[in-house]
There are 4 protein chains.
Amino acid sequence: VVFFATPDGVGQKEARSWLDKGTKVIDYSGDFRFNDFETYKGYAARIEKKEEHASPDLLPQSVYGLAELHRDEIAKSSLVGNPGCFAVSCILGLAPALKGDLIDIETIICDAKTGVSGAGKTPSPTFHFPARHEAMNAYRISGHQHVYEIERELGLVAGKEIKVTFTPHVVPLSRGILTTIYAQMKAALDIEAVQDAYEAFYGDETFVRISGPGTLQSSADVRGSNFCNLSLNVDERTGKLIVVSLIDNLVKGQAGSAVQNMNIMFGLEETAGLLRPGQYP
Amino acid sequence: VVFFATPDGVGQKEARSWLDKGTKVIDYSGDFRFNDFETYKGYAARIEKKEEHASPDLLPQSVYGLAELHRDEIAKSSLVGNPGCFAVSCILGLAPALKGDLIDIETIICDAKTGVSGAGKTPSPTFHFPARHEAMNAYRISGHQHVYEIERELGLVAGKEIKVTFTPHVVPLSRGILTTIYAQMKAALDIEAVQDAYEAFYGDETFVRISGPGTLQSSADVRGSNFCNLSLNVDERTGKLIVVSLIDNLVKGQAGSAVQNMNIMFGLEETAGLLRPGQYP
Amino acid sequence: VVFFATPDGVGQKEARSWLDKGTKVIDYSGDFRFNDFETYKGYAARIEKKEEHASPDLLPQSVYGLAELHRDEIAKSSLVGNPGCFAVSCILGLAPALKGDLIDIETIICDAKTGVSGAGKTPSPTFHFPARHEAMNAYRISGHQHVYEIERELGLVAGKEIKVTFTPHVVPLSRGILTTIYAQMKAALDIEAVQDAYEAFYGDETFVRISGPGTLQSSADVRGSNFCNLSLNVDERTGKLIVVSLIDNLVKGQAGSAVQNMNIMFGLEETAGLLRPGQYP
Amino acid sequence: VVFFATPDGVGQKEARSWLDKGTKVIDYSGDFRFNDFETYKGYAARIEKKEEHASPDLLPQSVYGLAELHRDEIAKSSLVGNPGCFAVSCILGLAPALKGDLIDIETIICDAKTGVSGAGKTPSPTFHFPARHEAMNAYRISGHQHVYEIERELGLVAGKEIKVTFTPHVVPLSRGILTTIYAQMKAALDIEAVQDAYEAFYGDETFVRISGPGTLQSSADVRGSNFCNLSLNVDERTGKLIVVSLIDNLVKGQAGSAVQNMNIMFGLEETAGLLRPGQYP
C-alpha cells in the first residue's frame with residue numbers, strides 16, 4: 001500500500017504506476033475523492049486548479065474513504081481518496097439526519113472550528129506563534145473547498161441535492177475540529193427521534209460515539225484518537241437540531257482514517273493500530 | 001458614579017441607597033437589564049434565581065446600556081444595566097439586518113466563541129491551565145441566559161418577537177468573542193443591500209467598524225479595544241447572511257461599555273478613556 | 001502492587017497493611033524517598049510537616065525509585081518511594097559528572113522550568129487559564145522541597161555532601177521539565193571527557209538519551225514519553241559544564257517511573273507499557 | 001529623529017546621511033552598540049558578519065542606549081545604539097552587584113527565558129504555532145551574540161573584564177523575558193547588603209522596580225510596560241545571589257527603551273509615552 005500524503009495534483013499523476021503493480025493506493029488530497037470526472041471538475045474549479053485530471057480513467061474505480069459510509073466499496077477497492085478533515089466532521093454529523101429525513105435541507109449550517117495543525121506544516125505569518133497565541137478568526141467564508149465533498153456525500157445519503165452553508169474558523173490550539181451543525185427540524189420530531197435515527201445509522205460503529213443533550217463535549221475527548229464524538233441536541237424553542245461533531249483533525253480527520261481504510265482494504269481488524277495512536281506533536 | 005461589578009442579586013439590593021444620594025449607578029449583572037418586572041422574571045427563571053427582584057420599582061427607570069441602541073435614554077438615566085458580553089456581539093451584529101427587514105426571523109443562529117476570561121476569575125477544573133491549553137468545547141447549548149436579553153433587544157429593534165438559536169463555545173485564548181451569525185436573506189437582496197443597511201444603521205458610530213466580504217477578521221483586531229468589528233458576507237449559493245461579529249469581551253463586552261455609558265451619563269466625550277485602554281492581563 | 005498516588009502523609013499510614021499481605025507498594029509522595037528516619041526528618045521539616053513518620057520502621061526497607069541509580073535494590077524491594085519530578089531531571093543530569101569527579105561541587109546550579117501539570121490538578125488563581133496563558137514566573141527560590149532528595153541522592157553518588165542551588169519556574173505549557181544545569185568544570189577537562197563520563201555512566205540505559213553540543217533540545221522531544229534527554233555542553237570561555245535535562249514530568253517524572261519500577265519489582269521487561277504511553281490530556 | 005528598526009548592517013550604512021542633516025538616530029541593531037571599532041569587530045565576529053563597519057568613524061560618537069547606565073551621554077548624543085533585549089535584562093540585573101563588589105566575577109550565570117516575539121516576525125518551522133504551542137527549548141548555548149554587549153557593559157561598571165555564562169531559552173508565550181541570574185556572593189554579605197546596593201544604585205529610577213525575597217515575580221507584571229522588575233534573593237545554604245530580572249522584550253527590551261532614549265535626547269519628560277503603552281499584539 002502507498003499513502004500519498006501529498007497536495008492536490010501529485011497522486012493523480014503517480015498512482016497509476018503503483019496500481020499497475022498491484023499496490024493499493026490511499027491518497028490524502030482531493031485527487032480521488034470523486035469517482036467521476038464531471039464531479040471532479042467542479043472540485044477542481046474550487047481550488048483554482050485547471051479543470052483537468054491526469055488520470056480521469058482511474059476516477060470510476062476510486063472510492064471516497066469514509067468507512068462509516070463506504071466500507072464495502074473500500075474493501076473491494078484498490079484506490080481510496082481519503083476525506084478532508086472538515087468533511088469528516090460534517091458528514092458524520094449530518095448523515096443520519098438526512099438519511100432519516102429529519103431536517104429541512106435548505107437550512108443546514110456547519111460552523112467549524114479547527115486547531116492550527118489543520119493548516120499544515122508550512123510556516124506563515126498567520127500561524128506564527130506570536131500572531132496566533134491569542135487570536136481566532138473566520139476565513140474563506142462560504143468558499144472552502146471541502147464544502148464540495150460534503151455536499152456530494154450528503155447528497156448521496158439523502159438521495160437529492162444538498163447545499164450546506166459552511167464557515168471554517170481557526171482557533172489557537174494544535175489539534176481538533178469542533179463543528180457545530182444546525183438545521184431546522186421537521187415538525188413534530190423531537191430529541192428521541194434524533195437519537196433513534198443516529199443510533200440506528202451508526203449501530204455498532206467503533207469510531208462513532210453518540211451522546212445526548214447536556215453532555216460537555218470537548219475536543220480533548222477525542223484528542224489523539226480516531227473517534228468522532230457526536231453530541232445531539234434539539235433547541236425546542238426554535239425547532240433546531242444542533243449536533244456538535246468532534247474529531248482530531250490529524251487522526252480521524254486524516255491519518256487515522258487512512259489507516260482505517262488500509263485495514264479494510266487488506267481485511268485486517270479495522271481498529272488495528274488505531275486504539276492507541278502515538279502522541280505527536 | 002458607582003459601578004456594580006457584582007453577580008446577579010447584589011445591585012438590586014444596593015443600588016437604591018446610592019441613587020437616593022444622587023449617585024449614578026452602572027450595574028454589570030442582569031439586575032437592571034430589563035426595565036419591567038414581567039420581563040425580568042423571565043430572565044430570573046433562566047438563571048435559576050427566585051423570580052423576584054429586590055427593587056422592582058427601580059426597573060422602569062433602568063436602561064439597557066448598549067450605547068449604539070439606547071444612547072439618548074442612557075444620557076437621561078441614572079441607572080444603567082450593562083449588557084452581557086455575548087449579547088453585545090449578537091445584538092450589534094444583527095440589529096441592522098432586523099431594522100432593515102433583510103432576513104427571515106425564524107432562521108437566526110448565533111454561534112459564539114469566547115476566550116476564557118469570559119468565565120470570570122474563579123478557578124475551576126474546566127479552566128485550569130493544563131485542562132484548557134489544548135481544548136475547546138460547546139456548553140449550555142440552547143440554554144445560555146444571555147439569549148433572553150438578545151431576544152428582548154432585537155425584538156425592540158424589529159418591532160416583533162424574535163427567537164435566536166444561540167450556542168456558546170469556549171476556546172483557549174484569554175480574551176475575545178467571535179460570533180458567527182447566520183440568517184436566511186429575504187429573496188432578491190444581496191451584499192450591497194446588506195452593506196447599505198449596516199452603514200445606514202451605524203452611521204458614524206465610533207466603536208462599530210464595518211467591513212465587507214473577503215476581509216480576514218481576527219479577534220486580535222479588537223483585542224484590548226472598545227471596538228466591535230462586523231464583517232458582512234452573503235453566501236450566494238444558500239442565500240444566507242453571514243456576519244462575523246468581534247469584540248473584546250472584557251472591554252466592549254463589559255468594562256469598556258460601562259465607561260462608554262458613564263461618559264454618556266455625565267455628558268463627557270463618549271470616547272474618553274476608551275481609545276487607549278490599559279493592557280490586562 | 002498498589003500505587004499510592006497520594007499526598008505526603010497517606011502512604012506512610014496505609015502502606016503497612018498492604019505490605020503485610022505481600023503486596024508491593026510504590027508511593028508517589030516523599031513518604032518513602034528516604035530510607036532512614038533521620039534523613040526523613042530533614043525532608044519533613046522542609047514541607048512543614050511534623051517531623052514524624054507514621055511508620056519509621058518501614059523506612060529502612062524502602063528504596064528511592066530512580067531505576068538508573070537503584071535498579072538492583074528496586075528489584076529486591078517491596079516498597080519504593082517514587083522520585084519527585086524535578087529531582088529526576090536534576091539527578092539524571094548530574095550523576096555522571098559527580099561520579100566522574102568532573103565538576104567543582106560548590107558551584108552546582110539547577111535552573112528548572114516546568115509545565116503547569118507539575119502543579120497538580122487542583123485549580124488555583126495562579127494556574128487559571130487567563131492568568132497563566134501569557135505568564136511565566138520563578139517560585140520558592142532556594143526553598144523547593146525537591147532539593148533535599150536531589151542533594152541526598154547526588155551525595156550518595158559523589159560520596160560526599162553535595163549542595164545544589166535550585167530555582168523552579170512555571171511556564172505556560174502543559175507538560176515537560178527542562179532543567180538547565182550549570183557547574184564549574186575541573187581544570188583541563190573538556191567536552192570529550194564529559195561525553196565519555198556520561199556514556200560510561202548510562203551505558204545501555206533505555207530511557208536516557210545523550211546528545212552532544214549543538215543539538216536543539218526541545219521538551220517536545222520527550223513529551224508523552226518515559227525518556228530523559230540529556231544535552232551536554234561546555235562553555236569554554238567560562239569553563240562551565242551546561243547540561244540540558246529534559247523529561248515529561250507526568251511520565252519519567254512520575255507515572256512512567258512508577259511503571260518502570262513496577263516492571264523491575266516484578267521481573268517484567270523494564271520497558272513494558274512505556275514505549276507507547278497514552279496521550280493525556 | 002529616525003529609528004532604524006532594521007537588522008545589523010543597515011543603520012551603519014544609512015545613519016550618516018541623517019546625522020549630517022542634524023537628525024538624531026536611534027538604531028535597534030548591534031551597529032552602534034560599541035563605541036570603538038576594535039570592540040565592534042569582536043561583536044561582528046560573533047554574528048558571522050565580516051569584521052568591518054560601514055562607518056567606523058561614527059562609532060566614537062555613538063552611545064549604548066541603556067538610560068539607567070548612560071543617561072548623561074545619551075542626552076548629549078545624536079547617535080544611540082539601542083540595547084539587545086536579553087542584554088537589558090542581564091545588565092540591569094547585575095550592574096549593582098558588580099558596582100558594589102558583592103559577587104565573585106568568575107561565577108556569573110544568566111539563564112534567560114524569552115517569549116517567542118523575541119525571535120521576530122519572520123515565520124519559521126520552529127515558531128509555527130503547532131510546533132511551539134507545547135514546546136520549550138534552550139538554544140545557542142554559550143554562543144548568543146548578546147553576551148558580548150553584556151560583558152562589555154558590565155566590564156565598564158565593574159572596572160575589570162567580566163565573563164558571563166549565558167543560556168537563552170524560548171518558552172511558549174508571546175512576550176516577556178525572565179532572566180534568572182546567579183553568582184557566588186562574597187563572604188559575609190547577606191540579603192540586606194544586596195538590597196542596599198541595588199537601592200543605592202537605582203535610587204529613584206522610574207523604570208526599575210526592586211523587590212525582596214518571597215515576592216512572586218511574573219512576566220505578567222511587566223507585560224506591555226517599560227519596567228524592569230528585579231527580585232533579589234540570597235540562597236544562604238550555598239551563598240548564591242539570585243536575581244530574577246523581568247522585562248517585556250518588546251518594550252523595555254526594544255521599542256520602549258528607544259522611546260526613553262528619544263525622550264532623553266530631546267529633553268522631554270523621560271516617561272513620555274511610556275506609562276501607558278499600546279497593546280500589541
# chains A, B, ... in the order shown; residues from 1 in each chain; ligands from 1
>>> select_by_dssp(residues="range 36-116 of chain A", states="strand (DSSP E or B)", output="PyMOL selection string")
chain A and resi 63-64+79-81+103+109-114
>>> write_last_selection(atoms="N, CA and C atoms", output="tab-separated table (two decimals), in the first residue's frame")
chain	number	residue	atom	x	y	z
A	63	VAL	N	-12.74	5.25	-4.53
A	63	VAL	CA	-13.81	5.26	-3.52
A	63	VAL	C	-13.52	6.34	-2.49
A	64	TYR	N	-14.57	7.03	-2.05
A	64	TYR	CA	-14.43	8.05	-1.01
A	64	TYR	C	-14.19	7.34	0.32
A	79	LEU	N	-8.09	1.84	-4.70
A	79	LEU	CA	-7.78	3.27	-4.83
A	79	LEU	C	-8.78	4.08	-4.01
A	80	VAL	N	-8.29	4.62	-2.92
A	80	VAL	CA	-9.17	5.34	-2.00
A	80	VAL	C	-8.75	6.79	-1.90
A	81	GLY	N	-9.72	7.71	-2.01
A	81	GLY	CA	-9.48	9.13	-1.77
A	81	GLY	C	-9.85	9.44	-0.33
A	103	ILE	N	-34.62	16.66	8.80
A	103	ILE	CA	-34.36	18.10	8.75
A	103	ILE	C	-34.71	18.70	7.38
A	109	ILE	N	-26.44	24.41	8.33
A	109	ILE	CA	-25.29	25.28	8.58
A	109	ILE	C	-24.25	24.49	9.36
A	110	CYS	N	-23.01	24.55	8.90
A	110	CYS	CA	-21.90	23.92	9.62
A	110	CYS	C	-20.90	25.00	10.01
A	111	ASP	N	-20.77	25.21	11.31
A	111	ASP	CA	-19.83	26.19	11.83
A	111	ASP	C	-18.66	25.42	12.44
A	112	ALA	N	-17.52	25.43	11.73
A	112	ALA	CA	-16.40	24.57	12.12
A	112	ALA	C	-15.26	25.37	12.73
A	113	LYS	N	-14.68	24.80	13.80
A	113	LYS	CA	-13.53	25.41	14.46
A	113	LYS	C	-12.40	24.38	14.42
A	114	THR	N	-11.27	24.79	13.91
A	114	THR	CA	-10.15	23.84	13.82
A	114	THR	C	-8.92	24.37	14.54
>>> select_by_dssp(residues="range 50-155 of chain D", states="helix (DSSP H, G or I)", output="PyMOL selection string")
chain D and resi 56-61+67-76+85-99+105-107+116-119+125-127+129-132+146-155
>>> residues_around(residues="range 169-180 of chain C", least_positions_apart="6", cutoff="6 Å", atoms="only C-alpha atoms", output="PyMOL selection string")
(chain B and resi 130) or (chain C and resi 110-117+133+136-138+219+243-249) or (chain D and resi 134)
>>> residues_around(residues="Leu241 in chain D", least_positions_apart="3", cutoff="10 Å", atoms="only C-alpha atoms", output="list in words")
Thr165 of chain C; Ala97, Leu102, Ile103, Ile108, Ile181, Tyr182, Ala183, Gln184, Met185, Lys186, Leu189, Asp190, Ile191, Val194, Leu232, Asn233, Val234, Asp235, Glu236 and Thr238 of chain D
>>> write_last_selection(atoms="C-alpha atoms", output="PDB file, in the first residue's frame")
ATOM      1  CA  THR C 165      21.229  25.898  44.150  1.00  0.00           C
TER       2      THR C 165
ATOM      3  CA  ALA D  97      26.105  43.724  42.321  1.00  0.00           C
ATOM      4  CA  LEU D 102      29.194  41.863  46.029  1.00  0.00           C
ATOM      5  CA  ILE D 103      29.933  38.840  43.882  1.00  0.00           C
ATOM      6  CA  ILE D 108      28.106  34.729  36.910  1.00  0.00           C
ATOM      7  CA  ILE D 181      20.871  35.427  37.443  1.00  0.00           C
ATOM      8  CA  TYR D 182      23.208  33.514  39.714  1.00  0.00           C
ATOM      9  CA  ALA D 183      26.539  34.482  41.257  1.00  0.00           C
ATOM     10  CA  GLN D 184      28.557  33.471  44.279  1.00  0.00           C
ATOM     11  CA  MET D 185      28.293  36.136  46.982  1.00  0.00           C
ATOM     12  CA  LYS D 186      31.442  37.431  48.603  1.00  0.00           C
ATOM     13  CA  LEU D 189      27.449  39.545  52.799  1.00  0.00           C
ATOM     14  CA  ASP D 190      23.724  39.000  53.164  1.00  0.00           C
ATOM     15  CA  ILE D 191      20.417  39.965  51.601  1.00  0.00           C
ATOM     16  CA  VAL D 194      22.279  43.258  48.391  1.00  0.00           C
ATOM     17  CA  LEU D 232      16.583  39.956  44.949  1.00  0.00           C
ATOM     18  CA  ASN D 233      17.277  36.705  46.739  1.00  0.00           C
ATOM     19  CA  VAL D 234      20.149  35.052  48.548  1.00  0.00           C
ATOM     20  CA  ASP D 235      20.422  31.299  48.915  1.00  0.00           C
ATOM     21  CA  GLU D 236      22.014  31.158  52.343  1.00  0.00           C
ATOM     22  CA  THR D 238      25.011  27.938  49.033  1.00  0.00           C
TER      23      THR D 238
END
>>> residues_around(residues="Glu199 in chain C", least_positions_apart="5", cutoff="12 Å", atoms="only C-alpha atoms", output="PyMOL selection string")
chain C and resi 95-97+100+192-194+204-205+208-212+230-232
>>> write_last_selection(atoms="N, CA and C atoms", output="PDB file, in the first residue's frame")
ATOM      1  N   ALA C  95      24.394  13.145  37.887  1.00  0.00           N
ATOM      2  CA  ALA C  95      25.054  11.980  38.488  1.00  0.00           C
ATOM      3  C   ALA C  95      26.380  11.610  37.802  1.00  0.00           C
ATOM      4  N   PRO C  96      26.411  11.542  36.464  1.00  0.00           N
ATOM      5  CA  PRO C  96      27.694  11.143  35.849  1.00  0.00           C
ATOM      6  C   PRO C  96      28.808  12.152  36.113  1.00  0.00           C
ATOM      7  N   ALA C  97      28.476  13.429  36.144  1.00  0.00           N
ATOM      8  CA  ALA C  97      29.513  14.443  36.383  1.00  0.00           C
ATOM      9  C   ALA C  97      30.088  14.304  37.787  1.00  0.00           C
ATOM     10  N   GLY C 100      32.110  10.992  38.021  1.00  0.00           N
ATOM     11  CA  GLY C 100      33.390  11.125  37.334  1.00  0.00           C
ATOM     12  C   GLY C 100      34.265  12.232  37.874  1.00  0.00           C
ATOM     13  N   GLU C 192      34.839  16.219  25.474  1.00  0.00           N
ATOM     14  CA  GLU C 192      35.015  14.776  25.258  1.00  0.00           C
ATOM     15  C   GLU C 192      35.008  14.024  26.584  1.00  0.00           C
ATOM     16  N   ALA C 193      35.691  14.596  27.576  1.00  0.00           N
ATOM     17  CA  ALA C 193      35.705  13.953  28.891  1.00  0.00           C
ATOM     18  C   ALA C 193      34.288  13.837  29.444  1.00  0.00           C
ATOM     19  N   VAL C 194      33.517  14.881  29.213  1.00  0.00           N
ATOM     20  CA  VAL C 194      32.129  14.883  29.693  1.00  0.00           C
ATOM     21  C   VAL C 194      31.333  13.790  28.992  1.00  0.00           C
ATOM     22  N   ASP C 204      23.933   1.268  28.430  1.00  0.00           N
ATOM     23  CA  ASP C 204      22.802   0.997  27.546  1.00  0.00           C
ATOM     24  C   ASP C 204      21.457   1.210  28.238  1.00  0.00           C
ATOM     25  N   GLU C 205      21.399   2.174  29.128  1.00  0.00           N
ATOM     26  CA  GLU C 205      20.103   2.529  29.715  1.00  0.00           C
ATOM     27  C   GLU C 205      19.118   2.883  28.593  1.00  0.00           C
ATOM     28  N   VAL C 208      17.538   6.845  28.929  1.00  0.00           N
ATOM     29  CA  VAL C 208      18.372   8.057  28.949  1.00  0.00           C
ATOM     30  C   VAL C 208      19.035   8.189  27.580  1.00  0.00           C
ATOM     31  N   ARG C 209      18.841   9.341  26.952  1.00  0.00           N
ATOM     32  CA  ARG C 209      19.429   9.576  25.628  1.00  0.00           C
ATOM     33  C   ARG C 209      20.366  10.773  25.731  1.00  0.00           C
ATOM     34  N   ILE C 210      21.591  10.572  25.305  1.00  0.00           N
ATOM     35  CA  ILE C 210      22.615  11.605  25.455  1.00  0.00           C
ATOM     36  C   ILE C 210      22.920  12.208  24.091  1.00  0.00           C
ATOM     37  N   SER C 211      23.027  13.534  24.049  1.00  0.00           N
ATOM     38  CA  SER C 211      23.430  14.169  22.799  1.00  0.00           C
ATOM     39  C   SER C 211      24.487  15.223  23.095  1.00  0.00           C
ATOM     40  N   GLY C 212      25.234  15.567  22.062  1.00  0.00           N
ATOM     41  CA  GLY C 212      26.337  16.489  22.249  1.00  0.00           C
ATOM     42  C   GLY C 212      25.937  17.923  21.996  1.00  0.00           C
ATOM     43  N   LEU C 230      19.437  14.162  27.606  1.00  0.00           N
ATOM     44  CA  LEU C 230      20.494  14.993  28.195  1.00  0.00           C
ATOM     45  C   LEU C 230      21.355  15.574  27.085  1.00  0.00           C
ATOM     46  N   SER C 231      21.404  16.894  27.012  1.00  0.00           N
ATOM     47  CA  SER C 231      22.284  17.556  26.051  1.00  0.00           C
ATOM     48  C   SER C 231      23.495  18.101  26.801  1.00  0.00           C
ATOM     49  N   LEU C 232      24.676  17.678  26.378  1.00  0.00           N
ATOM     50  CA  LEU C 232      25.912  18.032  27.089  1.00  0.00           C
ATOM     51  C   LEU C 232      26.636  19.167  26.379  1.00  0.00           C
TER      52      LEU C 232
END
>>> residues_around(residues="range 140-154 of chain C", least_positions_apart="3", cutoff="6 Å", atoms="only C-alpha atoms", output="list of chain:residue names")
C:Arg46, C:Ala87, C:Val157, C:Ile162, C:Lys163, C:Phe166, C:Thr167, D:Asp235
>>> write_last_selection(atoms="all heavy atoms", output="compact mmCIF listing (two decimals), in the first residue's frame")
# COMPACT_ATOMS: atom_id res chain seq x y z
N ARG C 46 11.20 20.48 55.75
CA ARG C 46 11.07 21.30 54.55
C ARG C 46 9.63 21.52 54.11
O ARG C 46 9.28 22.53 53.52
CB ARG C 46 11.81 20.64 53.36
CG ARG C 46 13.29 20.57 53.50
CD ARG C 46 13.90 21.95 53.35
NE ARG C 46 15.34 21.87 53.38
CZ ARG C 46 16.10 21.86 52.28
NH1 ARG C 46 15.55 21.98 51.08
NH2 ARG C 46 17.40 21.77 52.38
N ALA C 87 13.41 16.33 40.75
CA ALA C 87 14.56 15.55 41.20
C ALA C 87 15.06 14.61 40.10
O ALA C 87 16.27 14.48 39.89
CB ALA C 87 14.18 14.76 42.46
N VAL C 157 25.96 9.44 45.26
CA VAL C 157 26.77 9.19 44.05
C VAL C 157 28.19 9.71 44.23
O VAL C 157 29.17 9.05 43.87
CB VAL C 157 26.11 9.87 42.82
CG1 VAL C 157 27.05 9.84 41.62
CG2 VAL C 157 24.78 9.20 42.49
N ILE C 162 26.70 17.11 49.10
CA ILE C 162 26.51 17.96 47.93
C ILE C 162 25.45 19.01 48.26
O ILE C 162 24.42 18.69 48.87
CB ILE C 162 26.01 17.12 46.73
CG1 ILE C 162 27.03 16.07 46.33
CG2 ILE C 162 25.63 18.01 45.54
CD1 ILE C 162 28.28 16.62 45.70
N LYS C 163 25.70 20.26 47.84
CA LYS C 163 24.67 21.28 47.95
C LYS C 163 24.36 21.81 46.55
O LYS C 163 25.26 22.00 45.74
CB LYS C 163 25.11 22.43 48.86
CG LYS C 163 25.19 22.03 50.32
CD LYS C 163 24.83 23.19 51.24
CE LYS C 163 24.84 22.74 52.70
NZ LYS C 163 23.97 21.56 52.95
N PHE C 166 18.93 25.62 43.52
CA PHE C 166 17.84 25.15 42.65
C PHE C 166 16.74 26.21 42.57
O PHE C 166 16.22 26.65 43.59
CB PHE C 166 17.28 23.84 43.23
CG PHE C 166 16.08 23.31 42.51
CD1 PHE C 166 16.23 22.60 41.32
CD2 PHE C 166 14.79 23.52 42.99
CE1 PHE C 166 15.11 22.11 40.64
CE2 PHE C 166 13.68 23.03 42.32
CZ PHE C 166 13.84 22.32 41.14
N THR C 167 16.39 26.61 41.35
CA THR C 167 15.28 27.55 41.16
C THR C 167 14.25 26.96 40.21
O THR C 167 14.55 26.72 39.04
CB THR C 167 15.76 28.89 40.57
OG1 THR C 167 16.89 29.37 41.30
CG2 THR C 167 14.66 29.93 40.61
N ASP D 235 20.53 32.67 48.43
CA ASP D 235 20.42 31.30 48.91
C ASP D 235 21.48 31.14 50.00
O ASP D 235 22.68 31.00 49.72
CB ASP D 235 20.66 30.31 47.76
CG ASP D 235 20.41 28.87 48.18
OD1 ASP D 235 20.59 28.55 49.39
OD2 ASP D 235 20.04 28.06 47.33
>>> closest_residue(among="C:Thr126, C:Gln254, C:Ser218, C:Ser62", to="chain B", atoms="only C-alpha atoms")
C:Thr126
>>> residues_around(residues="range 26-42 of chain D", least_positions_apart="4", cutoff="8 Å", atoms="only C-alpha atoms", output="MDAnalysis selection string")
chainID D and resid 1:9 11:12 46 51:53 56 59:65 79:84 148:149 254 258 261:262
>>> closest_residue(among="B:Gly203, B:Ala44, B:Ala197, B:Leu69", to="Leu156 in chain B", atoms="only C-alpha atoms")
B:Leu69
>>> atom_distance(atom1="CA of Arg16 in chain B", atom2="CA of Ser77 in chain B")
13.9 Å
>>> closest_residue(among="D:Gly273, D:Pro123, D:Gly267, D:Gly93", to="chain B", atoms="only C-alpha atoms")
D:Gly273
>>> atom_distance(atom1="CA of Thr206 in chain D", atom2="CA of Gly118 in chain D")
24.0 Å
